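First comes the structure, then the notes that go with it.
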Amino acid sequence: MTTRKMTRKERMRRRRRRRIRNTILLLVLLVGLAAGGVGAIYLIQNGGLFTGINEPYLASREFEDTLSSRENLRAEAFAKNLCVVEGDVALENVTLGEDQKGVLLNLDNKSVLYAKEPFARVYPASITKIMTAMLALKYGNMDETVTITQENVTLEEGSQVCGFQAGDRLTMDQLLRCLLVYSGNDAASAIAEHVGGTMENFVSMMNSYAAQLGCTGTHFSNPHGLQDENHYTTTYDIYLMLKEALNYPEFTQITQLSSYTVEYTRADGTPVSTVLDATDHYLTGEATAPKNVTILGGKTGTTSNAGNCLALLSQNAFGKPFVSIVMGAATKEDLYQQMNSLLQNINQ
């Protein structure tokens, strides 16, 4: 009986000692963890092992020379290199008529000097040929020979044409010059048919490229600009197209020519040589730009519905580039007077 009681007490003592030992071990572990945490905080705050952890995470530091490289981490804003027009901007000395539209834009600092109904729908007339020329340069081979078809020369009466006949043979380069210098509608038709395969396909290419450039107010029905109710644009969209055309050096080289002599052969081998004068009166000397303004190129357009139109790239005395557009002038004389009223502001 006595022996059994002593064994029970001994067991109770052992249990108590075990609980005490476990408690001590747990306290030691907690103290160690607390000390480690304090040490880690100290290292983070005082530039220990993790110096630089406050910098934002950049995938390019982990994955160099991949699609995650720094220059690709951000998408470039669409309007970063554009003159952003939000509405009308007045200039005291500009003489555009009540129903006319126009803009004057500084391409160097992306500022808007003048804007009159920049998003209103207008008929572009032969300013259309800016788009036709760009597609010719983008997809055409300038050395290829093109044979004029009957469809190319079957145009409305009074249309501006170079005088081609079915079977005539010219290069794409010659046609492009006839298009931009003399604004030949037969040249536009021949380019469209050659580049697009069919007129319908080329017009689809025109509308697709316009959409790509952000021309939300534009719809083309033909490559030359002859009147069609479904063929329209805006002055701001013309600016977008002209700005894009500047990426093609041949465009401004050609649009600065005062005349062009085209030499080609008829279907029977007869040689033909025709001198074509520029439709831009600044280039032919029929109009004079304001002092210290250099005309670098552009495109004219004239139909009874569109009026007289002109889209220009010019340069001021300091070499800064500008785009100026006048739409809907009643006469050629009015057109160049109104354009000068815009251009006289680019050196101020």
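Naming works like this for the structure tokens: A, B, ... for the chains as they're shown, residue 1 at the start of each chain, ligands 1 onward in shown order.
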
Return as a tab-separated table the residues of stretch 71-133 of chain A lying at most 12 Å from stretch 244-252 of chain A, together with the closest atom-to-atom pair for each and the distance in Å to one decimal, counting only C-alpha atoms, with rows in chain order and ascending residue number.
residue	atom	partner	partner_atom	distance
A:Asn81	CA	A:Glu244	CA	11.3
A:Leu82	CA	A:Glu244	CA	10.7
A:Leu107	CA	A:Leu246	CA	11.5
A:Lys129	CA	A:Ala245	CA	10.8
A:Ile130	CA	A:Ala245	CA	7.1
A:Met131	CA	A:Ala245	CA	8.0
A:Thr132	CA	A:Ala245	CA	10.3
A:Ala133	CA	A:Phe251	CA	7.6

Residues just named, written with N, CA and C atoms as a compact mmCIF listing (two decimals), in the first residue's frame:
# COMPACT_ATOMS: atom_id res chain seq x y z
N ASN A 81 2.43 62.54 -80.39
CA ASN A 81 3.09 63.34 -81.41
C ASN A 81 2.10 64.08 -82.31
N LEU A 82 0.90 64.31 -81.79
CA LEU A 82 -0.13 64.98 -82.58
C LEU A 82 -0.49 66.33 -82.00
N LEU A 107 3.70 72.04 -85.91
CA LEU A 107 4.14 70.65 -85.74
C LEU A 107 5.30 70.52 -84.77
N LYS A 129 -5.99 62.82 -103.04
CA LYS A 129 -4.81 62.20 -103.66
C LYS A 129 -3.62 62.09 -102.70
N ILE A 130 -3.70 62.74 -101.54
CA ILE A 130 -2.68 62.51 -100.51
C ILE A 130 -2.71 61.04 -100.10
N MET A 131 -3.92 60.52 -99.86
CA MET A 131 -4.06 59.12 -99.47
C MET A 131 -3.68 58.20 -100.62
N THR A 132 -4.10 58.53 -101.84
CA THR A 132 -3.75 57.71 -103.00
C THR A 132 -2.23 57.62 -103.17
N ALA A 133 -1.56 58.74 -102.99
CA ALA A 133 -0.11 58.77 -103.13
C ALA A 133 0.57 57.93 -102.05

Name the residues of stretch 214-283 of chain A that come out as helix (DSSP H, G or I) in a backbone DSSP run; write them as a ChimeraX atom specification. /A:235-245,249-255,281-283

At most 12 Å is the cut-off: for each residue in stretch 231-300 of chain A with any atom that close to an atom of stretch 201-215 of chain A, write down the nearest atom pair and the distance in Å rounded to one decimal, counting only C-alpha atoms, chain first then increasing number, as CSV.
residue,atom,partner,partner_atom,distance
A:His231,CA,A:Asn207,CA,10.4
A:Tyr232,CA,A:Cys215,CA,11.0
A:Thr233,CA,A:Cys215,CA,8.0
A:Thr234,CA,A:Cys215,CA,8.4
A:Thr235,CA,A:Cys215,CA,10.1
A:Tyr236,CA,A:Cys215,CA,8.0
A:Asp237,CA,A:Cys215,CA,4.9
A:Ile238,CA,A:Cys215,CA,8.2
A:Tyr239,CA,A:Cys215,CA,9.4
A:Leu240,CA,A:Leu213,CA,6.6
A:Met241,CA,A:Leu213,CA,7.2
A:Leu242,CA,A:Leu213,CA,10.5
A:Lys243,CA,A:Leu213,CA,9.7
A:Glu244,CA,A:Leu213,CA,7.8
A:Ala245,CA,A:Leu213,CA,10.9

Among the residues A:Glu333, A:Asp268, A:Glu98, A:Asp280, the one that comes closest to A:Ser126 [using only C-alpha atoms]: A:Asp280

Please, which residues in stretch 170-275 of chain A fall within 10 Å of stretch 305-308 of chain A when counting only C-alpha atoms, and what is the closest atom pair and distance in Å to one decimal for each, ordered by chain then residue number, as a Markdown table?
| residue | atom | partner | partner_atom | distance |
| --- | --- | --- | --- | --- |
| A:Gly225 | CA | A:Ala306 | CA | 9.7 |
| A:Leu226 | CA | A:Ala306 | CA | 9.7 |
| A:Gln227 | CA | A:Asn305 | CA | 7.2 |
| A:Asp228 | CA | A:Asn305 | CA | 9.5 |
| A:Glu229 | CA | A:Asn305 | CA | 9.8 |
| A:Tyr232 | CA | A:Ala306 | CA | 9.7 |

Straight-line distance linking atom CA of A:Leu276 with atom CA of A:Gly298, stated in Å to one decimal: 16.7 Å

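The interatomic distance for the pair atom CA of A:Tyr123 and atom CA of A:Met327 works out to 8.6 Å.
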
All strand (DSSP E or B) positions in stretch 239-339 of chain A, as a PyMOL selection string: chain A and resi 259-265+271-277+294-303+307-315+321-329

Which polymer residues have any atom within 10 Å of an atom of A:Gln165, counting only C-alpha atoms, with same-chain residues fewer than 5 positions away left out, as a PyMOL selection string? chain A and resi 147-150+152-154+186+266-267

Let me see the file: selected residues, N, CA, C and O atoms, as an mmCIF file, in the first residue's frame.
data_model
loop_
_atom_site.group_PDB
_atom_site.id
_atom_site.type_symbol
_atom_site.label_atom_id
_atom_site.label_comp_id
_atom_site.auth_asym_id
_atom_site.auth_seq_id
_atom_site.Cartn_x
_atom_site.Cartn_y
_atom_site.Cartn_z
ATOM 1 N N THR A 147 0.110 49.848 -117.602
ATOM 2 C CA THR A 147 -0.591 50.075 -118.864
ATOM 3 C C THR A 147 -1.954 50.699 -118.566
ATOM 4 O O THR A 147 -2.738 50.149 -117.781
ATOM 5 N N ILE A 148 -2.205 51.851 -119.152
ATOM 6 C CA ILE A 148 -3.461 52.566 -118.934
ATOM 7 C C ILE A 148 -4.620 51.773 -119.548
ATOM 8 O O ILE A 148 -4.533 51.285 -120.677
ATOM 9 N N THR A 149 -5.708 51.644 -118.786
ATOM 10 C CA THR A 149 -6.895 50.944 -119.277
ATOM 11 C C THR A 149 -7.981 51.957 -119.667
ATOM 12 O O THR A 149 -7.900 53.147 -119.318
ATOM 13 N N GLN A 150 -8.990 51.476 -120.346
ATOM 14 C CA GLN A 150 -10.085 52.352 -120.744
ATOM 15 C C GLN A 150 -10.813 52.916 -119.524
ATOM 16 O O GLN A 150 -11.256 54.069 -119.525
ATOM 17 N N ASN A 152 -9.509 53.772 -116.789
ATOM 18 C CA ASN A 152 -8.714 54.865 -116.211
ATOM 19 C C ASN A 152 -8.995 56.204 -116.871
ATOM 20 O O ASN A 152 -8.809 57.256 -116.244
ATOM 21 N N VAL A 153 -9.411 56.181 -118.113
ATOM 22 C CA VAL A 153 -9.601 57.434 -118.854
ATOM 23 C C VAL A 153 -11.078 57.760 -119.073
ATOM 24 O O VAL A 153 -11.403 58.809 -119.628
ATOM 25 N N THR A 154 -11.956 56.874 -118.625
ATOM 26 C CA THR A 154 -13.394 57.136 -118.746
ATOM 27 C C THR A 154 -13.859 57.819 -117.467
ATOM 28 O O THR A 154 -14.286 57.180 -116.501
ATOM 29 N N ASP A 186 -6.855 60.732 -114.187
ATOM 30 C CA ASP A 186 -6.549 59.497 -114.903
ATOM 31 C C ASP A 186 -5.336 58.796 -114.283
ATOM 32 O O ASP A 186 -5.286 57.567 -114.208
ATOM 33 N N ARG A 266 2.770 55.505 -126.528
ATOM 34 C CA ARG A 266 1.428 55.023 -126.823
ATOM 35 C C ARG A 266 1.477 53.509 -127.077
ATOM 36 O O ARG A 266 2.554 52.905 -127.156
ATOM 37 N N ALA A 267 0.302 52.932 -127.222
ATOM 38 C CA ALA A 267 0.217 51.496 -127.485
ATOM 39 C C ALA A 267 0.934 51.106 -128.766
ATOM 40 O O ALA A 267 1.503 50.009 -128.866
#

Could you check the closest approach to A:Val293 for each of A:Cys83, A:Leu310, A:Met339, A:Val262 and tell me which residue wins, using only C-alpha atoms?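 Looking at the shortest contact to A:Val293, the residue is A:Met339.
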
I'd like the neighbourhood of A:Leu180 as a list in words, where a residue qualifies if any of its atoms comes within 7 Å (using only C-alpha atoms), though same-chain residues fewer than 3 positions away should be ignored.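 Counting only C-alpha atoms, the residues come to Leu176, Arg177, Ser183, Ile254 and Thr255 of chain A.
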